[in-house]
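Everything below concerns the one structure shown next.
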Protein chains: 2
Amino acid sequence: MSEPTRNRRRVTAADVAREAGVSQSAVSRVFTEGASVSGRMDARVREAAERLGYRPNVLARSLITGRTRIIGLVVAYLDNPFYPDAIEKLSAALQEEGYHLLIFTTGRTEMDVDRIFQELMDYRVDGIIAASINLSGDLAKRCREAGMPVVLFNRGTDQGGISAVTSDNVAGGRMVAEFLLRGGHRRLAHIAGWEASSTGRDRLQGFRDHLKGAGRPLMYVADGAYDRHRASEAARFLMGQAVPPDAIFVANDHMALAVMDCLRHDLGLRVPEDVSIVGYDDVPMAGWPSYDLTTVRQPTRRMVEASVAELMRLIAAPARQATTTRIDGPLVVRGSARLPEDRT
Amino acid sequence: MSEPTRNRRRVTAADVAREAGVSQSAVSRVFTEGASVSGRMDARVREAAERLGYRPNVLARSLITGRTRIIGLVVAYLDNPFYPDAIEKLSAALQEEGYHLLIFTTGRTEMDVDRIFQELMDYRVDGIIAASINLSGDLAKRCREAGMPVVLFNRGTDQGGISAVTSDNVAGGRMVAEFLLRGGHRRLAHIAGWEASSTGRDRLQGFRDHLKGAGRPLMYVADGAYDRHRASEAARFLMGQAVPPDAIFVANDHMALAVMDCLRHDLGLRVPEDVSIVGYDDVPMAGWPSYDLTTVRQPTRRMVEASVAELMRLIAAPARQATTTRIDGPLVVRGSARLPEDRT
DNA sequence: CGGGTGTTTGCATACGTATGCAAAGACCGG
DNA sequence: CCGGTCTTTGCATACGTATGCAAACACCCG
């Protein structure tokens with residue numbers, strides 16, 4: 001850890017007070033929304049502040065108000081394009097509310113729960129948005145017990161007491177099953193997300209249950225671990241079976257794009273003629289002409305809105321009951337899967 | 001803006017002091033690296049802190065030390081995959097140094113310099129990493145003048161006094177020109193980044209100057225504005241010329257991938273048979289088999305290391321002279337451009 | 001044992017700010 | 001003009017912490 005020198009001097013409220021010939025508390029009141037201050041005083045102080053280049057120190061304020069206006073964002077990695085997009089939107093939405101995101105990256109390895117928890121505590125963040133696939137329930141629980149508002153983004157949870165915003169993954173998986181069956185597919189396979197991930201389990205569950213109910217049980221499930229390389233291996237495994245599948249539902253787009261590349265470029269297969277592919281997320285790349293991926297759209301904007309709204313509610317009333325919000329997204333039909341006959 | 005209630009009570013150093021039967025300053029010293037404290041005292045205080053769940057408040061500390069351990073990250077958008085990757089690496093590197101990134105997103109529109117500057121001041125960030133394409137020189141200059149360490153990431157600057165880390169864009173453009181000429185291309189075009197962007201200008205300059213020196217002047221330059229849609233339009237424009245180019249150097253991969261899709265899927269052309277494409281960045285998608293893009297690799301890891309190192313130096317000695325670091329990256333030859341004969 | 005030197009500890013204060021409270025000021029009505 | 005009521009202002013204090021300084025303690029050597 002670097003050892004920096006002491007910070008240079010900065011303009012304080014006391015300087016502004018002196019310049020305007022008023023008290024420090026008047027200066028504070030001018031910059032505090034809702035405080036009682038006359039129009040004359042307001043103008044006088046603001047002019048002095050402008051002259052001196054003064055801005056209130058949010059962090060000093062936080063000692064009194066107990067509010068830092070900082071939201072901790074816990075995220076594993078950013079190479080799945082779903083997350084950069086979501087973060088951009090989260091940041092914009094929170095900036096509108098006067099908050100900023102402080103990033104805590106966990107990387108792909110087993111999360112060091114103690115370290116992340118301590119760092120979140122260090123900064124007295126007003127709340128946490130957790131968008132990390134390897135987020136342990138333990139961390140979320142500890143944060144919640146320490147009184148921090150927590151919202152899981154695109155993460156579900158088996159534990160009560162933690163708020164979460166997801167798309168309706170069960171319904172999404174079901175929608176894909178319906179669509180593929182109507183397209184005449186008979187040998188259905190799934191490349192799953194990650195066994196510990198509830199979003200991945202829910203997508204599989206919706207898909208599997210619907211197939212079963214239609215008398216077309218799921219033939220294969222292979223583990224993709226939300227990783228491109230693993231997904232390619234899973235695709236090779238599936239297509240190497242004596243009776244290969246004619247459609248594969250892949251648990252997210254990030255993997256689905258890799259599966260398509262593998263099928264076409266490594267295995268010399270055609271998509272959708274030889275095998276249909278459906279993904280989940282509708283990341284920007286899904287719409288690129290080279291892929292033209294049929295996929296369930298995660299309604300990122302609405303998920304972001306719901307997450308920010310829930311976080312604001314928790315910040316306002318920390319003892320508030322946790323909620324789980326599931327938001328429906330449509331199936332976006334592009335060119336990677338054969339169409340149901342009544343759709344041509 | 002939400003109006004949150006007052007924060008709940010938290011464990012303080014005074015509580016730990018009481019629990020351990022020592023002074024508050026002893027507690028502080030135990031958690032301050034380099035402070036003089038006996039092993040016995042250290043153990044006693046840490047045990048009490050552990051029992052009570054105490055963590056020092058970084059923000060309260062910042063009032064004394066003048067150090068927040070927060071770095072402001074100014075970024076426009078995250079849909080160019082170069083930036084998510086860089087941010088992930090920046091975050092990891094800074095976490096190693098005990099810092100965290102606070103995000104300030106500017107969006108794609110004309111940047112509101114006053115707002116961003118004020119918000120950066122509000123949080124008393126220890127330094128700023130600016131990775132925004134629409135970052136105005138004015139903001140960087142104002143921050144620097146206000147005493148904040150600033151490092152431009154993948155941004156150059158025409159103004160002195162601001163540190164910057166880029167790849168060697170001129171050399172990169174030159175490398176592309178050499179490569180394409182050796183591949184027998186005769187009609188060279190460029191889809192440029194953004195007229196106000198020095199990285200874009202430097203890439204064009206390296207490309208153009210080398211072509212000119214070789215007696216093969218650049219035929220066309222079209223503006224892509226670092227935007228997929230604009231890049232596709234530029235590609236259409238170029239290929240619609242009476243004498244279309246046989247090679248296009250695109251100022252970044254984000255646009256190059258869109259150009260490839262447009263050429264193949266909209267214009268029915270073959271890449272590289274009909275027209276070679278070379279990009280810049282080597283984002284993850286460039287290596288995907290559907291694209292297999294030949295491109296200049298921006299050495300993200302080394303750029304991140306250089307940026308963090310420079311930022312740490314500036315934090316330690318704010319009056320330090322600004323530096324510009326240019327890091328070479330290789331040309332990564334894949335399948336989107338015809339090879340020089342001596343390369344087959 | 002006493003003196004010299006180095007280490008450790010607590011006191012008092014400061015960092016930049018918000019806020020409760022009492023006093024002063026402003027305004028209105030009788 | 002006076003009394004009542006509302007608004008505004010400054011004082012004093014608190015938030016959670018680090019640090020200069022002086023006193024106490026510990027250790028070593030002659």
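Numbering starts fresh at 1 for the residues of each chain in the structure tokens, the chains themselves are lettered A, B, ... in the order given, and ligands are numbered from 1 as they appear.
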
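Using only C-alpha atoms (C1' of nucleotides), the residues found no farther than 12 Å from DA22 (chain D), other than those of its own chain fewer than 4 positions away, are C:DT9, C:DG10, C:DC11, C:DA12.
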
Would you output that residue set with all heavy atoms, as a JSON list (two decimals), in the first residue's frame?
[["chain", "number", "residue", "atom", "x", "y", "z"],
["C", 9, "DT", "P", 1.09, 1.05, 24.73],
["C", 9, "DT", "OP1", 0.67, -0.15, 25.49],
["C", 9, "DT", "OP2", 0.92, 1.14, 23.26],
["C", 9, "DT", "O5'", 0.42, 2.32, 25.38],
["C", 9, "DT", "C5'", 0.56, 2.54, 26.79],
["C", 9, "DT", "C4'", 0.08, 3.91, 27.13],
["C", 9, "DT", "O4'", 1.00, 4.88, 26.60],
["C", 9, "DT", "C3'", -1.29, 4.25, 26.53],
["C", 9, "DT", "O3'", -2.25, 4.24, 27.57],
["C", 9, "DT", "C2'", -1.12, 5.66, 25.93],
["C", 9, "DT", "C1'", 0.28, 6.06, 26.36],
["C", 9, "DT", "N1", 1.05, 6.82, 25.35],
["C", 9, "DT", "C2", 1.52, 8.08, 25.67],
["C", 9, "DT", "O2", 1.33, 8.60, 26.76],
["C", 9, "DT", "N3", 2.24, 8.71, 24.69],
["C", 9, "DT", "C4", 2.54, 8.21, 23.43],
["C", 9, "DT", "O4", 3.20, 8.85, 22.64],
["C", 9, "DT", "C5", 2.01, 6.88, 23.16],
["C", 9, "DT", "C7", 2.26, 6.25, 21.82],
["C", 9, "DT", "C6", 1.31, 6.27, 24.11],
["C", 10, "DG", "P", -3.86, 4.47, 27.27],
["C", 10, "DG", "OP1", -4.63, 3.65, 28.21],
["C", 10, "DG", "OP2", -4.09, 4.37, 25.80],
["C", 10, "DG", "O5'", -4.03, 6.00, 27.68],
["C", 10, "DG", "C5'", -3.58, 6.43, 28.95],
["C", 10, "DG", "C4'", -3.73, 7.93, 29.07],
["C", 10, "DG", "O4'", -2.77, 8.56, 28.19],
["C", 10, "DG", "C3'", -5.10, 8.45, 28.66],
["C", 10, "DG", "O3'", -5.44, 9.52, 29.56],
["C", 10, "DG", "C2'", -4.90, 8.95, 27.24],
["C", 10, "DG", "C1'", -3.45, 9.42, 27.29],
["C", 10, "DG", "N9", -2.73, 9.34, 26.02],
["C", 10, "DG", "C8", -2.77, 8.32, 25.09],
["C", 10, "DG", "N7", -2.01, 8.52, 24.06],
["C", 10, "DG", "C5", -1.41, 9.76, 24.30],
["C", 10, "DG", "C6", -0.47, 10.50, 23.54],
["C", 10, "DG", "O6", 0.04, 10.19, 22.46],
["C", 10, "DG", "N1", -0.13, 11.70, 24.15],
["C", 10, "DG", "C2", -0.63, 12.12, 25.36],
["C", 10, "DG", "N2", -0.19, 13.30, 25.78],
["C", 10, "DG", "N3", -1.50, 11.44, 26.10],
["C", 10, "DG", "C4", -1.84, 10.27, 25.51],
["C", 11, "DC", "P", -6.88, 10.27, 29.46],
["C", 11, "DC", "OP1", -7.46, 10.30, 30.80],
["C", 11, "DC", "OP2", -7.66, 9.77, 28.30],
["C", 11, "DC", "O5'", -6.37, 11.75, 29.10],
["C", 11, "DC", "C5'", -5.25, 12.29, 29.81],
["C", 11, "DC", "C4'", -4.93, 13.67, 29.27],
["C", 11, "DC", "O4'", -4.20, 13.55, 28.03],
["C", 11, "DC", "C3'", -6.17, 14.51, 28.96],
["C", 11, "DC", "O3'", -5.89, 15.85, 29.39],
["C", 11, "DC", "C2'", -6.34, 14.40, 27.46],
["C", 11, "DC", "C1'", -4.89, 14.25, 26.99],
["C", 11, "DC", "N1", -4.68, 13.44, 25.75],
["C", 11, "DC", "C2", -3.78, 13.89, 24.78],
["C", 11, "DC", "O2", -3.20, 14.96, 24.98],
["C", 11, "DC", "N3", -3.56, 13.15, 23.68],
["C", 11, "DC", "C4", -4.21, 11.99, 23.52],
["C", 11, "DC", "N4", -3.96, 11.28, 22.42],
["C", 11, "DC", "C5", -5.14, 11.51, 24.48],
["C", 11, "DC", "C6", -5.34, 12.25, 25.58],
["C", 12, "DA", "P", -7.07, 16.96, 29.46],
["C", 12, "DA", "OP1", -6.76, 17.86, 30.56],
["C", 12, "DA", "OP2", -8.40, 16.27, 29.38],
["C", 12, "DA", "O5'", -6.84, 17.73, 28.08],
["C", 12, "DA", "C5'", -5.55, 18.27, 27.81],
["C", 12, "DA", "C4'", -5.52, 18.78, 26.38],
["C", 12, "DA", "O4'", -5.41, 17.67, 25.46],
["C", 12, "DA", "C3'", -6.79, 19.55, 25.98],
["C", 12, "DA", "O3'", -6.36, 20.79, 25.44],
["C", 12, "DA", "C2'", -7.49, 18.66, 24.97],
["C", 12, "DA", "C1'", -6.32, 17.86, 24.38],
["C", 12, "DA", "N9", -6.68, 16.53, 23.89],
["C", 12, "DA", "C8", -7.60, 15.65, 24.39],
["C", 12, "DA", "N7", -7.68, 14.53, 23.72],
["C", 12, "DA", "C5", -6.74, 14.67, 22.71],
["C", 12, "DA", "C6", -6.33, 13.82, 21.66],
["C", 12, "DA", "N6", -6.83, 12.60, 21.46],
["C", 12, "DA", "N1", -5.37, 14.27, 20.83],
["C", 12, "DA", "C2", -4.85, 15.49, 21.05],
["C", 12, "DA", "N3", -5.16, 16.38, 22.00],
["C", 12, "DA", "C4", -6.11, 15.91, 22.80]]

Check: which chain B residues lie within 7 Å of chain A using only C-alpha atoms, as an mmCIF file with C-alpha atoms, in the first residue's frame:
data_model
loop_
_atom_site.group_PDB
_atom_site.id
_atom_site.type_symbol
_atom_site.label_atom_id
_atom_site.label_comp_id
_atom_site.auth_asym_id
_atom_site.auth_seq_id
_atom_site.Cartn_x
_atom_site.Cartn_y
_atom_site.Cartn_z
ATOM 1 C CA MET B 1 -33.528 13.119 -4.573
ATOM 2 C CA SER B 2 -34.635 10.785 -1.820
ATOM 3 C CA PRO B 4 -33.447 9.187 3.871
ATOM 4 C CA THR B 5 -33.819 8.896 7.621
ATOM 5 C CA ARG B 6 -30.917 9.156 10.012
ATOM 6 C CA ASN B 7 -28.460 6.316 10.075
ATOM 7 C CA ARG B 55 -14.040 -1.215 11.664
ATOM 8 C CA PRO B 56 -12.416 2.229 11.401
ATOM 9 C CA ASN B 57 -14.389 4.761 9.396
ATOM 10 C CA VAL B 58 -12.299 5.615 6.317
ATOM 11 C CA LEU B 59 -14.317 8.742 5.726
ATOM 12 C CA ALA B 60 -13.895 10.143 9.229
ATOM 13 C CA LEU B 63 -10.925 14.596 7.617
ATOM 14 C CA THR B 65 -5.454 12.586 6.835
ATOM 15 C CA GLY B 66 -6.876 14.343 3.790
ATOM 16 C CA ARG B 67 -7.045 10.960 2.088
ATOM 17 C CA TYR B 77 -20.338 4.544 -21.548
ATOM 18 C CA LEU B 78 -19.452 0.922 -21.298
ATOM 19 C CA ASP B 79 -20.699 -0.615 -24.502
ATOM 20 C CA PRO B 84 -15.340 -2.836 -19.147
ATOM 21 C CA ASP B 85 -12.194 -4.924 -19.449
ATOM 22 C CA GLU B 88 -12.121 -4.472 -14.207
ATOM 23 C CA SER B 91 -10.396 -1.788 -10.034
ATOM 24 C CA ALA B 92 -8.338 -4.857 -9.189
ATOM 25 C CA GLU B 97 -3.251 -0.327 -3.338
ATOM 26 C CA GLY B 98 -6.133 0.124 -0.898
ATOM 27 C CA HIS B 100 -11.672 1.979 -4.701
ATOM 28 C CA LEU B 101 -13.197 3.434 -7.837
ATOM 29 C CA LEU B 102 -16.199 5.748 -7.534
ATOM 30 C CA ILE B 103 -18.022 5.911 -10.873
ATOM 31 C CA THR B 105 -20.802 8.357 -15.867
ATOM 32 C CA MET B 121 -15.024 17.920 -5.524
ATOM 33 C CA ASP B 122 -17.904 16.823 -3.267
ATOM 34 C CA TYR B 123 -16.241 13.498 -2.546
ATOM 35 C CA ARG B 124 -12.718 14.823 -2.159
ATOM 36 C CA ASP B 261 -21.262 -7.327 -40.135
ATOM 37 C CA HIS B 265 -24.682 -9.278 -44.111
ATOM 38 C CA PRO B 289 -14.337 -17.074 -34.554
ATOM 39 C CA SER B 290 -17.216 -15.236 -36.226
ATOM 40 C CA ILE B 315 -0.994 11.394 -5.112
ATOM 41 C CA ALA B 316 2.340 11.136 -3.300
#

DSSP-assigned strand (DSSP E) among region 53-145 of chain B, expressed as a PyMOL selection string: chain B and resi 70-75+100-105+127-131

Write out the residues from the selection above, keeping all heavy atoms, as a compact mmCIF listing (two decimals), in the first residue's frame.
# COMPACT_ATOMS: atom_id res chain seq x y z
N ILE B 70 -10.39 7.03 -2.27
CA ILE B 70 -11.35 6.91 -3.36
C ILE B 70 -10.76 7.57 -4.61
O ILE B 70 -10.22 8.67 -4.54
CB ILE B 70 -12.68 7.62 -3.00
CG1 ILE B 70 -13.39 6.91 -1.85
CG2 ILE B 70 -13.60 7.69 -4.21
CD1 ILE B 70 -14.63 7.62 -1.35
N ILE B 71 -10.85 6.84 -5.72
CA ILE B 71 -10.44 7.39 -7.01
C ILE B 71 -11.69 7.57 -7.87
O ILE B 71 -12.47 6.64 -8.04
CB ILE B 71 -9.48 6.42 -7.75
CG1 ILE B 71 -8.27 6.08 -6.88
CG2 ILE B 71 -9.05 6.99 -9.09
CD1 ILE B 71 -7.36 7.23 -6.57
N GLY B 72 -11.87 8.77 -8.37
CA GLY B 72 -13.00 9.02 -9.27
C GLY B 72 -12.70 8.44 -10.66
O GLY B 72 -11.64 8.69 -11.20
N LEU B 73 -13.64 7.68 -11.16
CA LEU B 73 -13.50 7.16 -12.53
C LEU B 73 -14.53 7.86 -13.40
O LEU B 73 -15.73 7.68 -13.20
CB LEU B 73 -13.76 5.65 -12.54
CG LEU B 73 -13.84 5.02 -13.95
CD1 LEU B 73 -12.48 5.04 -14.64
CD2 LEU B 73 -14.38 3.61 -13.89
N VAL B 74 -14.07 8.66 -14.33
CA VAL B 74 -14.98 9.36 -15.23
C VAL B 74 -15.03 8.57 -16.53
O VAL B 74 -14.01 8.37 -17.19
CB VAL B 74 -14.49 10.80 -15.51
CG1 VAL B 74 -15.47 11.53 -16.43
CG2 VAL B 74 -14.32 11.56 -14.21
N VAL B 75 -16.21 8.12 -16.90
CA VAL B 75 -16.36 7.26 -18.07
C VAL B 75 -17.66 7.62 -18.78
O VAL B 75 -18.64 8.01 -18.14
CB VAL B 75 -16.32 5.77 -17.64
CG1 VAL B 75 -17.52 5.40 -16.82
CG2 VAL B 75 -16.17 4.84 -18.81
N HIS B 100 -10.50 2.44 -3.98
CA HIS B 100 -11.67 1.98 -4.70
C HIS B 100 -12.12 3.04 -5.70
O HIS B 100 -11.95 4.23 -5.47
CB HIS B 100 -12.82 1.66 -3.73
CG HIS B 100 -12.60 0.36 -3.01
ND1 HIS B 100 -12.94 -0.87 -3.53
CD2 HIS B 100 -12.01 0.11 -1.82
CE1 HIS B 100 -12.60 -1.82 -2.68
NE2 HIS B 100 -12.03 -1.26 -1.64
N LEU B 101 -12.72 2.54 -6.78
CA LEU B 101 -13.20 3.43 -7.84
C LEU B 101 -14.63 3.88 -7.57
O LEU B 101 -15.51 3.04 -7.36
CB LEU B 101 -13.17 2.71 -9.19
CG LEU B 101 -11.81 2.47 -9.84
CD1 LEU B 101 -11.99 1.57 -11.08
CD2 LEU B 101 -11.18 3.80 -10.26
N LEU B 102 -14.85 5.19 -7.62
CA LEU B 102 -16.20 5.75 -7.53
C LEU B 102 -16.56 6.20 -8.95
O LEU B 102 -15.81 6.95 -9.57
CB LEU B 102 -16.20 6.94 -6.57
CG LEU B 102 -17.54 7.53 -6.16
CD1 LEU B 102 -18.33 6.54 -5.32
CD2 LEU B 102 -17.35 8.83 -5.39
N ILE B 103 -17.69 5.70 -9.47
CA ILE B 103 -18.02 5.91 -10.87
C ILE B 103 -18.77 7.21 -11.12
O ILE B 103 -19.75 7.53 -10.43
CB ILE B 103 -18.91 4.78 -11.41
CG1 ILE B 103 -18.30 3.42 -11.11
CG2 ILE B 103 -19.10 4.93 -12.91
CD1 ILE B 103 -19.11 2.27 -11.65
N PHE B 104 -18.31 7.94 -12.12
CA PHE B 104 -19.03 9.12 -12.62
C PHE B 104 -19.28 8.89 -14.09
O PHE B 104 -18.35 8.95 -14.90
CB PHE B 104 -18.19 10.39 -12.40
CG PHE B 104 -17.96 10.70 -10.95
CD1 PHE B 104 -16.98 10.03 -10.23
CD2 PHE B 104 -18.73 11.64 -10.29
CE1 PHE B 104 -16.77 10.29 -8.88
CE2 PHE B 104 -18.52 11.92 -8.94
CZ PHE B 104 -17.53 11.24 -8.24
N THR B 105 -20.51 8.59 -14.46
CA THR B 105 -20.80 8.36 -15.87
C THR B 105 -21.34 9.63 -16.51
O THR B 105 -22.14 10.36 -15.91
CB THR B 105 -21.83 7.23 -16.06
OG1 THR B 105 -22.94 7.44 -15.19
CG2 THR B 105 -21.22 5.87 -15.76
N GLY B 127 -7.85 11.05 -6.38
CA GLY B 127 -7.36 11.20 -7.75
C GLY B 127 -8.45 10.83 -8.72
O GLY B 127 -9.52 10.36 -8.32
N ILE B 128 -8.17 11.05 -10.00
CA ILE B 128 -9.16 10.82 -11.04
C ILE B 128 -8.53 10.05 -12.18
O ILE B 128 -7.43 10.37 -12.63
CB ILE B 128 -9.69 12.15 -11.59
CG1 ILE B 128 -10.43 12.92 -10.49
CG2 ILE B 128 -10.61 11.93 -12.78
CD1 ILE B 128 -10.65 14.37 -10.81
N ILE B 129 -9.24 9.03 -12.62
CA ILE B 129 -8.88 8.38 -13.87
C ILE B 129 -9.99 8.72 -14.86
O ILE B 129 -11.16 8.44 -14.61
CB ILE B 129 -8.72 6.86 -13.71
CG1 ILE B 129 -7.47 6.59 -12.86
CG2 ILE B 129 -8.61 6.18 -15.05
CD1 ILE B 129 -7.12 5.14 -12.70
N ALA B 130 -9.61 9.33 -15.94
CA ALA B 130 -10.58 9.77 -16.93
C ALA B 130 -10.47 8.88 -18.16
O ALA B 130 -9.44 8.85 -18.82
CB ALA B 130 -10.33 11.22 -17.30
N ALA B 131 -11.55 8.17 -18.43
CA ALA B 131 -11.59 7.24 -19.57
C ALA B 131 -12.79 7.57 -20.44
O ALA B 131 -13.41 6.69 -21.00
CB ALA B 131 -11.67 5.81 -19.07

Which residues of chain A come within 8 Å of chain D, and for each one, what is the closest pair of atoms and their distance in Å to one decimal, counting only C-alpha atoms (C1' of nucleotides), sorted by chain and residue number, as JSON lines?
{"residue": "A:Ser23", "atom": "CA", "partner": "D:DG10", "partner_atom": "C1'", "distance": 6.3}
{"residue": "A:Ser25", "atom": "CA", "partner": "D:DG10", "partner_atom": "C1'", "distance": 7.5}
{"residue": "A:Ala26", "atom": "CA", "partner": "D:DT9", "partner_atom": "C1'", "distance": 7.4}
{"residue": "A:Ser36", "atom": "CA", "partner": "D:DT8", "partner_atom": "C1'", "distance": 7.1}
{"residue": "A:Val37", "atom": "CA", "partner": "D:DT8", "partner_atom": "C1'", "distance": 6.4}
{"residue": "A:Ser38", "atom": "CA", "partner": "D:DT8", "partner_atom": "C1'", "distance": 6.9}
{"residue": "A:Leu63", "atom": "CA", "partner": "D:DC15", "partner_atom": "C1'", "distance": 4.7}
{"residue": "A:Ile64", "atom": "CA", "partner": "D:DC15", "partner_atom": "C1'", "distance": 4.9}

Selected residues written out, N, CA and C atoms, as a PDB file, in the first residue's frame:
ATOM      1  N   SER A  23     -22.007  33.304   9.975  1.00  0.00           N
ATOM      2  CA  SER A  23     -21.485  32.177  10.741  1.00  0.00           C
ATOM      3  C   SER A  23     -21.308  30.941   9.853  1.00  0.00           C
ATOM      4  N   SER A  25     -22.508  28.106  10.518  1.00  0.00           N
ATOM      5  CA  SER A  25     -23.769  27.365  10.456  1.00  0.00           C
ATOM      6  C   SER A  25     -24.691  27.941   9.374  1.00  0.00           C
ATOM      7  N   ALA A  26     -24.561  29.232   9.120  1.00  0.00           N
ATOM      8  CA  ALA A  26     -25.336  29.816   8.013  1.00  0.00           C
ATOM      9  C   ALA A  26     -24.888  29.199   6.684  1.00  0.00           C
ATOM     10  N   SER A  36     -33.723  26.354   7.105  1.00  0.00           N
ATOM     11  CA  SER A  36     -34.316  27.680   7.139  1.00  0.00           C
ATOM     12  C   SER A  36     -33.234  28.735   6.965  1.00  0.00           C
ATOM     13  N   VAL A  37     -33.338  29.496   5.865  1.00  0.00           N
ATOM     14  CA  VAL A  37     -32.348  30.538   5.593  1.00  0.00           C
ATOM     15  C   VAL A  37     -33.003  31.596   4.701  1.00  0.00           C
ATOM     16  N   SER A  38     -32.693  32.855   4.934  1.00  0.00           N
ATOM     17  CA  SER A  38     -33.326  33.914   4.154  1.00  0.00           C
ATOM     18  C   SER A  38     -32.722  33.992   2.755  1.00  0.00           C
ATOM     19  N   LEU A  63     -20.516  12.196   8.699  1.00  0.00           N
ATOM     20  CA  LEU A  63     -20.313  11.975  10.138  1.00  0.00           C
ATOM     21  C   LEU A  63     -21.533  12.405  10.937  1.00  0.00           C
ATOM     22  N   ILE A  64     -22.164  13.464  10.470  1.00  0.00           N
ATOM     23  CA  ILE A  64     -23.332  13.999  11.158  1.00  0.00           C
ATOM     24  C   ILE A  64     -24.606  13.330  10.681  1.00  0.00           C
TER      25      ILE A  64
END

Each residue of chain C with at least one atom at most 6 Å from chain A should appear once, together with its nearest atom pair and the corresponding distance in Å (one decimal); atoms considered: only C-alpha atoms (C1' of nucleotides); ordering: chain, then increasing residue number; output as a tab-separated table.
residue	atom	partner	partner_atom	distance
C:DG16	C1'	A:Ala60	CA	5.5
C:DT17	C1'	A:Arg61	CA	5.3
C:DA18	C1'	A:Ile64	CA	5.9

Would you put the residues from that selection into a file with C-alpha atoms (C1' of nucleotides), as a compact mmCIF listing (two decimals), in the first residue's frame?
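Result went into selection-v2.txt, see below:
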# COMPACT_ATOMS: atom_id res chain seq x y z
C1' DG C 16 -15.21 20.00 8.14
C1' DT C 17 -19.56 19.84 8.94
C1' DA C 18 -24.88 19.68 10.82

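Put simply, C1' of DG6 (chain C) is 28.5 Å away from CA of Arg18 (chain B).
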
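Reported to one decimal place, the separation of CA of Leu238 (chain A) from CA of Gly172 (chain A) is 22.3 Å.
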